[in-house]
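Okay, structure first, notes after.
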Number of protein chains: 2
Amino acid sequence: MSPKVSQEHMEQRRADILKAAQEVFIEHGYERATMKHIMDAANISRGGLYQYFSSKEAVFETILEESLAMELDETLDMVKENATSYWDMLMKIIFGEDGEPDDDMDPLSPAKLEFFIIGRNDDHRREYGKVRYNNGLKIYATIIEHGQKSGEFSPRFDHQIIARSIISFIDGLAVEHAMLSKEDLKIKEQSMLFVEYLKLALGISGRD
Amino acid sequence: MSPKVSQEHMEQRRADILKAAQEVFIEHGYERATMKHIMDAANISRGGLYQYFSSKEAVFETILEESLAMELDETLDMVKENATSYWDMLMKIIFGEDGEPDDDMDPLSPAKLEFFIIGRNDDHRREYGKVRYNNGLKIYATIIEHGQKSGEFSPRFDHQIIARSIISFIDGLAVEHAMLSKEDLKIKEQSMLFVEYLKLALGISGRD
DNA sequence: TAACAAAACGACACTAATGTCGTTTTGGTT
DNA sequence: AACCAAAACGACATTAGTGTCGTTTTGTTA
């Protein structure tokens, strides 16, 4: 027997394809990206690409999985190393490491929106979107619930609804990020106002 | 000379096509809807349809124009007949006639999201989206600005940013409305929480 | 260095949509 | 009733993408 090409080589190639595909999805969005774009970007032939991924959807879902896994890791790290307060935890999960709003957004988010909005009538995609939504919901809802139980947050509003409003806020920004050019956006200012909203909802007195 | 078919007949046909097309876009969304779907729904042939509209994009933009004109009319009516308070005005514009949050949303909004998000790299579509965004922004921003000047609202936050957060909130809900099934949605509750947010931002003391 | 499994290739058949154009039908005018 | 402009029709050519499959290349093993 002669195991032709090493395992690592294939994994490397696969990773290269995914990286190239991610660039393609960022540039063209999901719907207008084609397998041809990915082939060109990854310097691989049609047949070669199909040996790794059976469709554009498969490529994209793999990217989604991997980025979700990364985010989850980061989130867990944050939660561990920051046993300070639930509020800080929340801010870090929403705005990233420094817990402060800025003008950056996930460059892949427009493609993600497309993927789920257009696929809303596919059973598979719908279910998949629902699972992702519920995962996100659970992360926020759990932190808020704990914060409320500990007395750090006011129990005035239902933690589930607040969690939903956080996700919905991020989605709303993602829509604007997709549609408007950088000059027309005010991501940071809107985020800062949202933080004020959240302080109200959670009964956080104005600190910082 | 014999002016073959009456003007009214053509206008009627055109209106019928648009109505049928709207149903198609609601059912399939923008991207997956085809001219064939519209032909079937409107009971018209390929050639016939193309005599009225040169492309799917043209059909959809016509629907957008007409629904925007309607909304604008309604908004103006509300503003006129409700010289009561800027707050009431705002609630009516956001939530419709009764000014109260409910679980309904524009059934066409998922298709609209698709249209603008996918077309974000087309110059024409991008420009068109920007104009629509700015129109919406202006309506909210103007009311808030007036309310602030009149003393009804607190001037604490910039009226533009609050206006943006309203649009972004609606967009965020639209995304969830597109992705989740009715049972999984909490449109009304989220809207009620958003109203609380707005009361904070505008310094409205808890009434109603 | 010969053998060969499988990785990579790219031509091809297929599909689903678009927009056009020559023909047929329609219904108001004379 | 005959006329005829234009509304409606539907077959067709075209385009852009997908996924397959037989062939070629590659590089590790023996």
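Please note that chains go A, B, ... in the order of the structure tokens, that every chain numbers its residues from 1, and that ligands are numbered from 1 in the order shown.
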
Please identify every residue of chain C that has at least one atom no more than 12 Å from any atom of chain A, counting only C-alpha atoms (C1' of nucleotides), and report them as a VMD selection string.
chain C and resid 3 to 11

Restricting the output to N, CA and C atoms (P, O5', C5', C4', C3', O3' and C1' of nucleotides), write the selected residues as a PDB file, in the first residue's frame.
ATOM      1  P    DA C   3       7.009  -1.241 -13.177  1.00  0.00           P
ATOM      2  O5'  DA C   3       6.087  -1.020 -11.900  1.00  0.00           O
ATOM      3  C5'  DA C   3       6.444  -1.617 -10.659  1.00  0.00           C
ATOM      4  C4'  DA C   3       5.421  -1.209  -9.612  1.00  0.00           C
ATOM      5  C3'  DA C   3       4.000  -1.056 -10.157  1.00  0.00           C
ATOM      6  O3'  DA C   3       3.110  -1.589  -9.184  1.00  0.00           O
ATOM      7  C1'  DA C   3       4.678   0.980  -9.164  1.00  0.00           C
ATOM      8  P    DC C   4       1.565  -1.831  -9.526  1.00  0.00           P
ATOM      9  O5'  DC C   4       0.873  -0.601  -8.778  1.00  0.00           O
ATOM     10  C5'  DC C   4       1.048  -0.399  -7.390  1.00  0.00           C
ATOM     11  C4'  DC C   4       0.337   0.870  -7.007  1.00  0.00           C
ATOM     12  C3'  DC C   4      -0.968   1.098  -7.782  1.00  0.00           C
ATOM     13  O3'  DC C   4      -1.930   1.679  -6.914  1.00  0.00           O
ATOM     14  C1'  DC C   4       0.399   2.954  -8.027  1.00  0.00           C
ATOM     15  P    DA C   5      -3.043   0.708  -6.285  1.00  0.00           P
ATOM     16  O5'  DA C   5      -3.676   1.670  -5.178  1.00  0.00           O
ATOM     17  C5'  DA C   5      -2.917   1.945  -4.001  1.00  0.00           C
ATOM     18  C4'  DA C   5      -3.143   3.386  -3.587  1.00  0.00           C
ATOM     19  C3'  DA C   5      -4.592   3.863  -3.686  1.00  0.00           C
ATOM     20  O3'  DA C   5      -4.866   4.635  -2.523  1.00  0.00           O
ATOM     21  C1'  DA C   5      -3.208   5.263  -5.035  1.00  0.00           C
ATOM     22  P    DA C   6      -6.279   5.192  -2.232  1.00  0.00           P
ATOM     23  O5'  DA C   6      -6.080   6.733  -2.575  1.00  0.00           O
ATOM     24  C5'  DA C   6      -5.034   7.485  -1.957  1.00  0.00           C
ATOM     25  C4'  DA C   6      -4.933   8.825  -2.659  1.00  0.00           C
ATOM     26  C3'  DA C   6      -6.298   9.469  -2.938  1.00  0.00           C
ATOM     27  O3'  DA C   6      -6.154  10.877  -2.988  1.00  0.00           O
ATOM     28  C1'  DA C   6      -5.179   9.265  -4.898  1.00  0.00           C
ATOM     29  P    DA C   7      -6.394  11.812  -1.739  1.00  0.00           P
ATOM     30  O5'  DA C   7      -5.765  13.153  -2.329  1.00  0.00           O
ATOM     31  C5'  DA C   7      -4.359  13.222  -2.509  1.00  0.00           C
ATOM     32  C4'  DA C   7      -4.007  14.268  -3.521  1.00  0.00           C
ATOM     33  C3'  DA C   7      -4.956  15.461  -3.611  1.00  0.00           C
ATOM     34  O3'  DA C   7      -4.137  16.608  -3.832  1.00  0.00           O
ATOM     35  C1'  DA C   7      -4.860  14.356  -5.711  1.00  0.00           C
ATOM     36  P    DA C   8      -4.785  18.042  -4.009  1.00  0.00           P
ATOM     37  O5'  DA C   8      -4.836  18.160  -5.598  1.00  0.00           O
ATOM     38  C5'  DA C   8      -3.616  18.188  -6.323  1.00  0.00           C
ATOM     39  C4'  DA C   8      -3.919  18.356  -7.793  1.00  0.00           C
ATOM     40  C3'  DA C   8      -4.907  19.477  -8.115  1.00  0.00           C
ATOM     41  O3'  DA C   8      -4.265  20.378  -9.019  1.00  0.00           O
ATOM     42  C1'  DA C   8      -5.506  17.476  -9.236  1.00  0.00           C
ATOM     43  P    DC C   9      -5.009  21.605  -9.623  1.00  0.00           P
ATOM     44  O5'  DC C   9      -5.525  21.009 -11.011  1.00  0.00           O
ATOM     45  C5'  DC C   9      -4.560  20.430 -11.894  1.00  0.00           C
ATOM     46  C4'  DC C   9      -5.263  19.840 -13.096  1.00  0.00           C
ATOM     47  C3'  DC C   9      -6.235  20.779 -13.803  1.00  0.00           C
ATOM     48  O3'  DC C   9      -5.687  21.124 -15.063  1.00  0.00           O
ATOM     49  C1'  DC C   9      -7.140  18.596 -13.582  1.00  0.00           C
ATOM     50  P    DG C  10      -6.021  22.551 -15.667  1.00  0.00           P
ATOM     51  O5'  DG C  10      -7.180  22.219 -16.709  1.00  0.00           O
ATOM     52  C5'  DG C  10      -7.028  21.133 -17.611  1.00  0.00           C
ATOM     53  C4'  DG C  10      -8.364  20.791 -18.251  1.00  0.00           C
ATOM     54  C3'  DG C  10      -9.283  21.984 -18.545  1.00  0.00           C
ATOM     55  O3'  DG C  10     -10.096  21.623 -19.647  1.00  0.00           O
ATOM     56  C1'  DG C  10     -10.403  20.587 -17.125  1.00  0.00           C
ATOM     57  P    DA C  11     -10.107  22.480 -20.955  1.00  0.00           P
ATOM     58  O5'  DA C  11     -10.919  21.515 -21.935  1.00  0.00           O
ATOM     59  C5'  DA C  11     -10.546  20.138 -22.051  1.00  0.00           C
ATOM     60  C4'  DA C  11     -11.788  19.261 -22.170  1.00  0.00           C
ATOM     61  C3'  DA C  11     -12.926  19.864 -22.983  1.00  0.00           C
ATOM     62  O3'  DA C  11     -13.505  18.796 -23.738  1.00  0.00           O
ATOM     63  C1'  DA C  11     -13.698  19.412 -20.782  1.00  0.00           C
TER      64       DA C  11
END

Residues of chain D that approach chain A to 9 Å or less, counting only C-alpha atoms (C1' of nucleotides): could you list each one with the shortest pair of atoms and its distance in Å to one decimal, rows by chain and increasing residue number, as JSON lines?
{"residue": "D:DG17", "atom": "C1'", "partner": "A:Thr34", "partner_atom": "CA", "distance": 7.8}
{"residue": "D:DT18", "atom": "C1'", "partner": "A:Met35", "partner_atom": "CA", "distance": 8.7}
{"residue": "D:DG19", "atom": "C1'", "partner": "A:Tyr50", "partner_atom": "CA", "distance": 8.2}
{"residue": "D:DT20", "atom": "C1'", "partner": "A:Gly47", "partner_atom": "CA", "distance": 8.7}
{"residue": "D:DT26", "atom": "C1'", "partner": "A:Lys4", "partner_atom": "CA", "distance": 8.6}
{"residue": "D:DG27", "atom": "C1'", "partner": "A:Lys4", "partner_atom": "CA", "distance": 6.7}
{"residue": "D:DT28", "atom": "C1'", "partner": "A:Lys4", "partner_atom": "CA", "distance": 5.6}
{"residue": "D:DT29", "atom": "C1'", "partner": "A:Ser2", "partner_atom": "CA", "distance": 5.4}
{"residue": "D:DA30", "atom": "C1'", "partner": "A:Ser2", "partner_atom": "CA", "distance": 8.8}

Residues of chain A near chain B: apply a cut-off of 6 Å, count only C-alpha atoms, and supply the list as a list in words.
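In the required form, that comes to Ile117, Arg120, Ser168, Phe169, Asp171, Gly172, Ala178, Met179 and Tyr197 of chain A.
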
Could you write those residues out with C-alpha atoms, as a CSV table (one decimal), in the first residue's frame?
chain,number,residue,atom,x,y,z
A,117,ILE,CA,-32.1,35.6,5.0
A,120,ARG,CA,-35.0,31.3,5.1
A,168,SER,CA,-31.3,42.4,17.3
A,169,PHE,CA,-29.1,45.5,17.9
A,171,ASP,CA,-28.2,42.5,13.5
A,172,GLY,CA,-29.5,46.0,12.9
A,178,ALA,CA,-23.8,46.0,4.7
A,179,MET,CA,-25.8,48.7,3.0
A,197,TYR,CA,-30.0,51.8,26.7

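Shortest separation to B:Gln22 among B:Leu202, B:Leu72, B:Leu137, B:Leu108 occurs at residue B:Leu108, atoms counted being only C-alpha atoms.
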
Could you give me, as a list in words, the residues within 12 Å of D:DT14, counting only C-alpha atoms (C1' of nucleotides) and dropping anything in the same chain fewer than 2 positions from it?
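The neighbour list is DA17, DT18, DG19 and DT20 of chain C; DC12 and DA16 of chain D.
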
Helix (DSSP H, G or I) residues, from DSSP on the backbone, in stretch 63-117 of chain B, as a PyMOL selection string
chain B and resi 63-81+86-95+109-117

Using only C-alpha atoms for the distances, tell me which of B:Asp16, B:Asp98, B:Glu81, B:Asp103 is nearest to B:Val59.
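Among the listed residues, the smallest separation from B:Val59 belongs to B:Asp16.
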
With a distance cut-off of 8 Å and only C-alpha atoms (C1' of nucleotides), select the neighbouring residues of stretch 23-26 of chain C, excluding the residue or stretch itself and same-chain residues fewer than 4 positions from it, and output the selection as a list of chain:residue names.
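So, after excluding close chain neighbours, the residues are D:DA7, D:DA8, D:DC9.
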
Separation of atom CA of B:Leu68 from atom CA of B:Gln12, in Å and rounded to one decimal:
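Atom CA of B:Gln12 lies 20.1 Å from atom CA of B:Leu68.
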